[in-house]
file model-v3.cif (mmCIF, C-alpha atoms and all ligand atoms)
data_work
#
loop_
_atom_site.label_atom_id
_atom_site.label_comp_id
_atom_site.auth_asym_id
_atom_site.auth_seq_id
_atom_site.Cartn_x
_atom_site.Cartn_y
_atom_site.Cartn_z
CA MET A 488 120.22 -10.41 159.41
CA HIS A 489 120.69 -7.12 157.62
CA GLN A 490 123.82 -8.26 155.81
CA VAL A 491 122.19 -11.50 154.62
CA SER A 492 119.09 -9.73 153.31
CA ASP A 493 121.31 -7.17 151.55
CA ILE A 494 123.30 -9.89 149.76
CA VAL A 495 120.17 -11.83 148.69
CA ALA A 496 118.43 -8.65 147.50
CA GLY A 497 121.65 -7.52 145.79
CA ILE A 498 121.55 -10.51 143.44
CA PHE A 499 118.12 -9.43 142.12
CA ILE A 500 118.76 -5.69 142.27
CA SER A 501 122.02 -5.97 140.29
CA LYS A 502 120.00 -7.48 137.42
CA ILE A 503 117.65 -4.47 137.49
CA TYR A 504 120.63 -2.07 137.50
CA LEU A 505 122.31 -3.85 134.60
CA SER A 506 119.15 -3.94 132.47
CA LEU A 507 118.41 -0.25 133.16
CA PHE A 508 122.02 0.57 132.22
CA GLY A 509 121.13 -0.67 128.74
CA PHE A 510 118.73 2.30 128.46
CA ARG A 511 121.25 4.88 129.82
CA LEU A 512 121.00 8.47 128.65
CA PHE A 513 124.76 9.10 128.26
CA ASP A 514 127.97 7.13 127.85
CA ILE A 515 129.95 8.53 130.76
CA PRO A 516 133.68 7.73 130.55
CA VAL A 517 135.41 6.50 133.70
CA ASN A 518 138.01 9.03 134.80
CA VAL A 519 138.91 11.08 137.89
CA THR A 520 136.48 13.90 137.04
CA THR A 521 133.47 11.64 136.45
CA PHE A 522 134.34 9.60 139.55
CA LEU A 523 134.32 12.77 141.68
CA LEU A 524 131.03 13.74 140.04
CA LEU A 525 129.61 10.33 140.93
CA LEU A 526 130.74 10.73 144.56
CA LEU A 527 128.92 14.06 144.72
CA ALA A 528 125.78 12.83 142.92
CA GLN A 529 125.52 9.68 145.05
CA ASP A 530 125.88 11.68 148.27
CA PHE A 531 123.12 14.00 147.01
CA CYS A 532 120.87 10.97 146.35
CA TYR A 533 121.75 9.62 149.79
CA TYR A 534 120.52 12.85 151.39
CA PHE A 535 117.10 12.42 149.76
CA LEU A 536 116.95 8.71 150.51
CA HIS A 537 117.66 9.46 154.16
CA ARG A 538 115.19 12.35 154.29
CA CYS A 539 112.47 10.16 152.75
CA SER A 540 113.38 7.38 155.20
CA HIS A 541 112.27 9.72 158.00
CA ARG A 542 109.29 11.36 156.29
CA ILE A 543 107.61 8.37 154.58
CA ARG A 544 106.34 5.82 157.06
CA TRP A 545 106.86 2.84 154.72
CA MET A 546 110.57 3.69 154.65
CA TRP A 547 110.71 4.66 158.33
CA ALA A 548 109.46 1.16 159.21
CA ALA A 549 112.88 -0.11 158.11
CA HIS A 550 115.05 2.87 159.08
CA SER A 551 113.60 3.18 162.62
CA VAL A 552 115.64 0.10 163.57
CA HIS A 553 118.85 2.13 163.21
CA HIS A 554 117.39 4.83 165.45
CA SER A 555 116.19 2.42 168.12
CA SER A 556 119.61 2.39 169.79
CA GLU A 557 119.62 4.41 173.01
CA ASN A 558 123.41 4.48 172.96
CA MET A 559 125.75 6.05 170.43
CA ASN A 560 128.81 4.04 169.50
CA PHE A 561 130.20 2.11 166.54
CA SER A 562 127.79 -0.78 167.19
CA THR A 563 124.90 1.62 166.45
CA ALA A 564 126.14 1.77 162.85
CA PHE A 565 125.50 -1.96 162.50
CA ARG A 566 121.98 -1.84 163.97
CA GLN A 567 120.15 -2.02 160.65
CA SER A 568 116.94 -3.57 159.38
CA LEU A 569 116.76 -6.62 157.16
CA MET A 570 113.73 -4.93 155.55
CA TYR A 571 115.71 -2.23 153.68
CA PRO A 572 115.35 -3.96 150.27
CA LEU A 573 111.55 -3.83 150.73
CA ALA A 574 111.71 -0.21 151.90
CA ASP A 575 113.06 0.82 148.49
CA MET A 576 116.56 1.99 149.43
CA TRP A 577 117.95 0.62 146.13
CA LEU A 578 115.50 2.77 144.10
CA PHE A 579 117.39 5.95 145.01
CA TRP A 580 120.53 4.91 143.10
CA LEU A 581 118.62 4.05 139.91
CA PRO A 582 118.78 7.63 138.52
CA LEU A 583 122.60 7.43 138.63
CA VAL A 584 122.57 4.26 136.53
CA PHE A 585 119.95 5.70 134.18
CA ILE A 586 122.06 8.85 133.63
CA GLY A 587 124.93 6.59 132.59
CA PHE A 588 127.23 5.97 135.56
CA ASN A 589 128.57 2.42 135.51
CA PRO A 590 126.40 0.31 137.90
CA VAL A 591 129.46 -1.42 139.37
CA LEU A 592 130.96 1.97 140.26
CA VAL A 593 127.60 3.15 141.64
CA VAL A 594 127.44 0.17 144.02
CA LEU A 595 131.09 0.71 145.03
CA VAL A 596 130.44 4.37 145.79
CA VAL A 597 127.31 3.49 147.81
CA LEU A 598 129.36 1.03 149.88
CA PHE A 599 132.12 3.62 150.31
CA ASN A 600 129.59 6.22 151.49
CA LEU A 601 128.03 3.80 154.00
CA ALA A 602 131.47 2.67 155.22
CA LEU A 603 132.50 6.27 155.95
CA GLN A 604 129.31 6.73 157.97
CA PHE A 605 130.48 4.03 160.39
CA PHE A 606 132.91 6.57 161.88
CA VAL A 607 130.29 9.21 162.74
CA HIS A 608 128.64 6.92 165.29
CA THR A 609 130.72 7.92 168.29
CA GLN A 610 130.69 10.19 171.30
CA ALA A 611 134.49 10.11 171.59
CA ILE A 612 135.03 13.02 169.21
CA LYS A 613 133.43 16.29 170.28
CA THR A 614 134.07 18.57 167.27
CA LEU A 615 136.39 18.63 164.25
CA GLY A 616 136.79 22.40 163.82
CA PRO A 617 136.37 23.74 160.27
CA ILE A 618 135.63 20.23 158.95
CA GLU A 619 132.19 20.63 160.58
CA TRP A 620 131.24 23.12 157.86
CA LEU A 621 131.64 20.75 154.97
CA PHE A 622 131.43 17.19 156.24
CA ASN A 623 129.03 15.07 158.26
CA THR A 624 130.82 14.57 161.59
CA PRO A 625 130.18 12.69 164.84
CA SER A 626 128.70 15.89 166.30
CA HIS A 627 126.26 16.35 163.38
CA HIS A 628 125.25 12.71 163.42
CA ARG A 629 124.71 12.67 167.21
CA VAL A 630 122.11 15.37 166.56
CA HIS A 631 120.53 13.13 163.91
CA HIS A 632 120.11 10.34 166.48
CA GLY A 633 118.62 12.65 169.12
CA GLN A 634 115.05 12.43 170.36
CA ASN A 635 115.25 15.99 171.77
CA VAL A 636 112.48 17.96 170.04
CA GLN A 637 114.85 20.32 168.19
CA TYR A 638 116.95 17.39 166.90
CA ILE A 639 114.10 15.39 165.32
CA ASP A 640 114.49 14.98 161.53
CA LYS A 641 117.71 16.97 161.28
CA ASN A 642 121.15 16.30 159.71
CA TYR A 643 120.32 13.65 157.12
CA ALA A 644 123.77 13.93 155.52
CA GLY A 645 125.81 10.97 154.39
CA VAL A 646 129.30 12.38 153.82
CA LEU A 647 128.74 16.09 153.06
CA ILE A 648 126.69 18.20 155.49
CA ILE A 649 126.18 20.83 152.76
CA TRP A 650 122.89 19.22 151.68
CA ASP A 651 121.36 19.86 155.11
CA ARG A 652 122.64 23.43 155.08
CA LEU A 653 121.19 23.94 151.57
CA PHE A 654 117.80 22.31 152.17
CA GLY A 655 117.09 23.67 155.65
CA SER A 656 117.48 20.52 157.74
CA PHE A 657 120.71 21.44 159.56
CA GLU A 658 120.86 21.66 163.34
CA ALA A 659 124.04 22.18 165.37
CA GLU A 660 124.73 20.14 168.51
CA ASP A 661 123.95 22.23 171.54
CA GLU A 662 121.81 20.55 174.22
CA THR A 663 123.02 17.12 175.43
CA VAL A 664 121.61 14.51 173.05
CA ARG A 665 119.12 11.92 174.32
CA TYR A 666 119.45 8.97 171.94
CA GLY A 667 116.74 6.68 170.63
CA LEU A 668 113.14 6.74 169.47
CA THR A 669 110.46 8.96 170.98
CA LYS A 670 108.40 5.76 171.26
CA PRO A 671 110.88 3.32 172.85
CA ILE A 672 110.75 -0.34 171.87
CA ASN A 673 111.95 -1.65 175.26
CA SER A 674 113.26 -4.88 173.77
CA PHE A 675 116.58 -6.33 172.66
CA ASN A 676 114.85 -9.08 170.67
CA PRO A 677 116.01 -8.46 167.06
CA LEU A 678 112.70 -9.66 165.63
CA THR A 679 110.71 -7.31 167.89
CA VAL A 680 113.02 -4.40 166.97
CA THR A 681 112.81 -5.24 163.24
CA PHE A 682 109.05 -5.63 162.97
CA ARG A 683 107.57 -3.32 165.63
CA GLU A 684 107.05 -0.36 163.28
CA TRP A 685 105.81 -2.61 160.44
CA ARG A 686 103.28 -4.10 162.87
CA ASP A 687 102.12 -0.66 164.07
CA MET A 688 101.91 0.68 160.51
CA LEU A 689 99.91 -2.30 159.24
CA GLY A 690 97.68 -2.02 162.34
CA ASP A 691 96.86 1.56 161.31
CA PHE A 692 96.47 0.49 157.67
CA PHE A 693 93.85 -2.14 158.51
CA VAL A 694 91.76 0.03 160.86
CA PRO A 695 88.15 -0.71 159.80
CA GLY A 696 86.20 1.91 157.89
CA LEU A 697 89.09 3.83 156.30
CA SER A 698 88.91 4.93 152.67
CA PHE A 699 91.55 3.82 150.14
CA ARG A 700 93.03 7.32 150.28
CA GLN A 701 93.33 7.19 154.09
CA ARG A 702 94.98 3.76 153.95
CA LEU A 703 97.47 4.99 151.38
CA ALA A 704 98.19 8.01 153.59
CA VAL A 705 99.13 5.66 156.45
CA LEU A 706 101.90 4.21 154.26
CA ILE A 707 103.29 7.33 152.61
CA THR A 708 102.89 10.20 155.09
CA ALA A 709 105.34 10.99 157.88
CA PRO A 710 105.41 8.80 161.00
CA LYS A 711 103.85 10.44 164.04
CA GLN A 712 106.20 11.53 166.78
CA TYR A 713 105.38 10.41 170.28
CA PHE A 714 106.15 12.53 173.32
CA PRO A 715 104.62 10.96 176.46
CA SER A 716 105.60 13.95 178.62
CA LYS A 717 103.81 16.47 176.38
ZN ZN B 1 118.17 8.48 160.10
ZN ZN B 2 123.26 6.73 162.28
#

call {"tool": "encode", "arguments": {"input": "model-v3.cif", "output": "structure tokens", "more": "lines below"}}
Ligand SMILES: [Zn+2]
Ligand SMILES: [Zn+2]
result
Amino acid sequence: MHQVSDIVAGIFISKIYLSLFGFRLFDIPVNVTTFLLLLLAQDFCYYFLHRCSHRIRWMWAAHSVHHSSENMNFSTAFRQSLMYPLADMWLFWLPLVFIGFNPVLVVLVVLFNLALQFFVHTQAIKTLGPIEWLFNTPSHHRVHHGQNVQYIDKNYAGVLIIWDRLFGSFEAEDETVRYGLTKPINSFNPLTVTFREWRDMLGDFFVPGLSFRQRLAVLITAPKQYFPSK
């Protein structure tokens, strides 16, 4: 479902990218240096996309599907929402196109970044030594999927963990990770998993008597965490 929605949305989004490229700020030549710069810039944008996906409920409604897995293995990487195009994921790469990076290369680098992230969804690798300092690793990403209080909203990195270290969202793996959402879905029905958070969010949005400001806040403020034992 996710793959199909991505392909359909991609047809429309590629037109937006190409037309914005016509208004680019710079003509950036394609060479090894600019390609490395693009890798770095895209990973930086990914960090903010991922951080926003956890802190803005409209985006969390899509991203929560990935976090609904209570296991951690390669199949978790494929547990993704078909609602990502509506949750604005594609918006975060627009600045790269507007600066002047070739849109085809931007899309390739996005796919490369996401493909690398497949490998961090495993419990088979404990630590990778000094690599842990620079790169997102299985250990760092296990923390990201934890529902333990200290692991919530940590380690947003795509490929480089340096963004979390720089912006104060890094947490090392210490306590055994409990995977999944703090508010479990208790269903394997893909439609239930896809739309549960959208349903809850729209339920809060349509509560009678709210002001416009309060309704807007439901959509753009952070999702509430849920700890039944607390
Ligand atoms: Zn996440
Ligand atoms: Zn993940």

call {"tool": "residues_around", "arguments": {"input": "model-v3.cif", "residues": "segment 538-551 of chain A", "least_positions_apart": "4", "cutoff": "10 Å", "atoms": "all atoms listed in the file", "output": "mmCIF file with C-alpha atoms, in the frame of the given file"}}
result
data_model
loop_
_atom_site.group_PDB
_atom_site.id
_atom_site.type_symbol
_atom_site.label_atom_id
_atom_site.label_comp_id
_atom_site.auth_asym_id
_atom_site.auth_seq_id
_atom_site.Cartn_x
_atom_site.Cartn_y
_atom_site.Cartn_z
ATOM 1 C CA CYS A 532 120.870 10.970 146.350
ATOM 2 C CA TYR A 533 121.750 9.620 149.790
ATOM 3 C CA TYR A 534 120.520 12.850 151.390
ATOM 4 C CA SER A 555 116.190 2.420 168.120
ATOM 5 C CA SER A 556 119.610 2.390 169.790
ATOM 6 C CA ARG A 566 121.980 -1.840 163.970
ATOM 7 C CA GLN A 567 120.150 -2.020 160.650
ATOM 8 C CA SER A 568 116.940 -3.570 159.380
ATOM 9 C CA LEU A 569 116.760 -6.620 157.160
ATOM 10 C CA MET A 570 113.730 -4.930 155.550
ATOM 11 C CA TYR A 571 115.710 -2.230 153.680
ATOM 12 C CA PRO A 572 115.350 -3.960 150.270
ATOM 13 C CA LEU A 573 111.550 -3.830 150.730
ATOM 14 C CA ALA A 574 111.710 -0.210 151.900
ATOM 15 C CA ASP A 575 113.060 0.820 148.490
ATOM 16 C CA MET A 576 116.560 1.990 149.430
ATOM 17 C CA ILE A 639 114.100 15.390 165.320
ATOM 18 C CA ASP A 640 114.490 14.980 161.530
ATOM 19 C CA LYS A 641 117.710 16.970 161.280
ATOM 20 C CA ASN A 642 121.150 16.300 159.710
ATOM 21 C CA TYR A 643 120.320 13.650 157.120
ATOM 22 C CA ALA A 644 123.770 13.930 155.520
ATOM 23 C CA ASP A 651 121.360 19.860 155.110
ATOM 24 C CA SER A 656 117.480 20.520 157.740
ATOM 25 C CA GLY A 667 116.740 6.680 170.630
ATOM 26 C CA LEU A 668 113.140 6.740 169.470
ATOM 27 C CA VAL A 680 113.020 -4.400 166.970
ATOM 28 C CA THR A 681 112.810 -5.240 163.240
ATOM 29 C CA PHE A 682 109.050 -5.630 162.970
ATOM 30 C CA ARG A 683 107.570 -3.320 165.630
ATOM 31 C CA GLU A 684 107.050 -0.360 163.280
ATOM 32 C CA TRP A 685 105.810 -2.610 160.440
ATOM 33 C CA ARG A 686 103.280 -4.100 162.870
ATOM 34 C CA ASP A 687 102.120 -0.660 164.070
ATOM 35 C CA MET A 688 101.910 0.680 160.510
ATOM 36 C CA LEU A 689 99.910 -2.300 159.240
ATOM 37 C CA ALA A 704 98.190 8.010 153.590
ATOM 38 C CA VAL A 705 99.130 5.660 156.450
ATOM 39 C CA LEU A 706 101.900 4.210 154.260
ATOM 40 C CA ILE A 707 103.290 7.330 152.610
ATOM 41 C CA THR A 708 102.890 10.200 155.090
ATOM 42 C CA ALA A 709 105.340 10.990 157.880
ATOM 43 C CA PRO A 710 105.410 8.800 161.000
ATOM 44 C CA LYS A 711 103.850 10.440 164.040
#

call {"tool": "residues_around", "arguments": {"input": "model-v3.cif", "residues": "segment 589-598 of chain A", "least_positions_apart": "2", "cutoff": "8 Å", "atoms": "all atoms listed in the file", "output": "list in words"}}
result
Tyr504, Leu505, Phe508, Ile515, Leu525, Leu526, Gln529, Trp580, Leu583, Val584, Gly587, Asn600, Leu601 and Ala602 of chain A

call {"tool": "closest_residue", "arguments": {"input": "model-v3.cif", "among": "A:Ala611, A:Leu678, A:Glu660, A:Val630", "to": "His489 of chain A", "atoms": "all atoms listed in the file"}}
result
A:Leu678

call {"tool": "closest_residue", "arguments": {"input": "model-v3.cif", "among": "A:Ser562, A:Ala659, A:Thr609, A:Glu557", "to": "Gln634 of chain A", "atoms": "only C-alpha atoms"}}
result
A:Glu557

call {"tool": "closest_residue", "arguments": {"input": "model-v3.cif", "among": "A:Leu523, A:Ile586, A:Val636, A:Val664", "to": "Gln610 of chain A", "atoms": "all atoms listed in the file"}}
result
A:Val664

call {"tool": "closest_residue", "arguments": {"input": "model-v3.cif", "among": "A:His627, A:Ile503, A:Trp577, A:Thr614", "to": "ligand ZN 1 (chain B)", "atoms": "all atoms listed in the file"}}
result
A:His627

call {"tool": "atom_distance", "arguments": {"input": "model-v3.cif", "atom1": "atom CA of Asp661 of chain A", "atom2": "atom CA of Ile649 of chain A"}}
result
19.0 Å

call {"tool": "residues_near_ligand", "arguments": {"input": "model-v3.cif", "ligand": "ligand ZN 2 (chain B)", "cutoff": "8 Å", "atoms": "all atoms listed in the file", "output": "list of chain:residue names"}}
result
A:His553, A:His554, A:Thr563, A:Ala564, A:Gln604, A:Phe605, A:Val607, A:His608, A:His628, A:Arg629, A:His631, A:His632

call {"tool": "closest_residue", "arguments": {"input": "model-v3.cif", "among": "A:Asn635, A:Pro695, A:His537, A:Gly645", "to": "ligand ZN 1 (chain B)", "atoms": "all atoms listed in the file"}}
result
A:His537

call {"tool": "atom_distance", "arguments": {"input": "model-v3.cif", "atom1": "atom CA of Asp530 of chain A", "atom2": "atom CA of Phe622 of chain A"}}
result
11.2 Å

call {"tool": "decode", "arguments": {"input": "model-v3.cif", "residues": "segment 498-606 of chain A", "atoms": "C-alpha atoms", "output": "tab-separated table (two decimals), in the first residue's frame"}}
result
chain	number	residue	atom	x	y	z
A	498	ILE	CA	4.11	11.29	-10.61
A	499	PHE	CA	2.54	14.53	-9.32
A	500	ILE	CA	5.37	15.50	-7.00
A	501	SER	CA	8.00	15.14	-9.76
A	502	LYS	CA	6.11	17.81	-11.73
A	503	ILE	CA	6.29	20.16	-8.73
A	504	TYR	CA	10.03	19.48	-8.34
A	505	LEU	CA	10.72	20.09	-12.03
A	506	SER	CA	8.75	23.35	-12.14
A	507	LEU	CA	10.43	24.63	-8.95
A	508	PHE	CA	13.82	23.73	-10.46
A	509	GLY	CA	13.05	26.35	-13.10
A	510	PHE	CA	13.25	28.98	-10.33
A	511	ARG	CA	16.49	27.59	-8.79
A	512	LEU	CA	18.85	29.98	-7.03
A	513	PHE	CA	22.11	28.51	-8.38
A	514	ASP	CA	23.31	26.34	-11.26
A	515	ILE	CA	25.09	23.62	-9.32
A	516	PRO	CA	27.38	21.48	-11.50
A	517	VAL	CA	27.24	17.71	-11.06
A	518	ASN	CA	30.58	16.46	-9.74
A	519	VAL	CA	31.94	14.44	-6.81
A	520	THR	CA	32.12	17.45	-4.47
A	521	THR	CA	28.56	18.64	-5.13
A	522	PHE	CA	27.27	15.06	-4.89
A	523	LEU	CA	28.87	14.68	-1.45
A	524	LEU	CA	27.38	18.04	-0.48
A	525	LEU	CA	23.96	16.83	-1.62
A	526	LEU	CA	24.32	13.64	0.46
A	527	LEU	CA	25.08	15.76	3.52
A	528	ALA	CA	22.33	18.34	2.85
A	529	GLN	CA	19.69	15.67	2.20
A	530	ASP	CA	20.60	13.81	5.40
A	531	PHE	CA	20.30	17.12	7.28
A	532	CYS	CA	16.82	17.67	5.77
A	533	TYR	CA	15.92	14.08	6.67
A	534	TYR	CA	16.76	14.77	10.31
A	535	PHE	CA	14.28	17.67	10.41
A	536	LEU	CA	11.64	15.76	8.47
A	537	HIS	CA	11.91	12.91	10.97
A	538	ARG	CA	11.91	15.24	13.97
A	539	CYS	CA	8.80	17.02	12.66
A	540	SER	CA	7.21	13.63	11.98
A	541	HIS	CA	7.33	13.00	15.73
A	542	ARG	CA	6.51	16.51	16.97
A	543	ILE	CA	3.69	17.56	14.59
A	544	ARG	CA	0.62	15.39	14.98
A	545	TRP	CA	-0.44	15.74	11.32
A	546	MET	CA	2.86	14.14	10.32
A	547	TRP	CA	2.86	11.66	13.22
A	548	ALA	CA	-0.49	10.33	11.95
A	549	ALA	CA	1.44	8.84	9.02
A	550	HIS	CA	4.77	8.08	10.73
A	551	SER	CA	3.18	6.31	13.74
A	552	VAL	CA	2.53	3.33	11.45
A	553	HIS	CA	6.28	2.66	11.27
A	554	HIS	CA	6.49	2.78	15.06
A	555	SER	CA	3.52	0.50	15.62
A	556	SER	CA	5.69	-2.61	15.25
A	557	GLU	CA	6.35	-4.27	18.61
A	558	ASN	CA	9.22	-6.23	17.07
A	559	MET	CA	12.46	-4.97	15.58
A	560	ASN	CA	13.62	-6.68	12.42
A	561	PHE	CA	14.00	-5.93	8.71
A	562	SER	CA	10.23	-6.23	8.18
A	563	THR	CA	9.78	-3.21	10.49
A	564	ALA	CA	11.52	-1.10	7.83
A	565	PHE	CA	8.72	-1.92	5.39
A	566	ARG	CA	5.90	-1.11	7.83
A	567	GLN	CA	5.09	2.31	6.38
A	568	SER	CA	1.98	4.39	5.86
A	569	LEU	CA	0.33	4.99	2.52
A	570	MET	CA	-0.51	8.47	3.87
A	571	TYR	CA	3.06	9.85	3.69
A	572	PRO	CA	2.37	11.96	0.56
A	573	LEU	CA	-0.46	13.69	2.47
A	574	ALA	CA	1.75	14.11	5.54
A	575	ASP	CA	4.09	16.35	3.54
A	576	MET	CA	7.25	14.22	3.48
A	577	TRP	CA	8.06	15.44	-0.06
A	578	LEU	CA	8.04	19.10	1.10
A	579	PHE	CA	11.29	18.62	3.01
A	580	TRP	CA	13.33	17.98	-0.16
A	581	LEU	CA	12.00	21.08	-1.95
A	582	PRO	CA	14.69	23.41	-0.50
A	583	LEU	CA	17.38	21.20	-2.12
A	584	VAL	CA	15.73	21.59	-5.53
A	585	PHE	CA	15.19	25.32	-4.98
A	586	ILE	CA	18.88	25.80	-4.09
A	587	GLY	CA	19.76	24.19	-7.41
A	588	PHE	CA	20.48	20.48	-6.91
A	589	ASN	CA	19.20	18.45	-9.84
A	590	PRO	CA	15.76	17.00	-8.86
A	591	VAL	CA	16.62	13.59	-10.34
A	592	LEU	CA	19.73	13.41	-8.14
A	593	VAL	CA	17.73	14.63	-5.13
A	594	VAL	CA	15.22	11.78	-5.55
A	595	LEU	CA	18.06	9.27	-6.05
A	596	VAL	CA	19.78	10.44	-2.87
A	597	VAL	CA	16.50	10.27	-0.91
A	598	LEU	CA	16.01	6.66	-2.09
A	599	PHE	CA	19.64	5.85	-1.22
A	600	ASN	CA	19.20	7.31	2.27
A	601	LEU	CA	15.99	5.33	2.87
A	602	ALA	CA	17.57	2.14	1.49
A	603	LEU	CA	20.49	2.41	3.92
A	604	GLN	CA	18.03	2.77	6.78
A	605	PHE	CA	16.67	-0.71	6.03
A	606	PHE	CA	19.80	-2.17	7.66
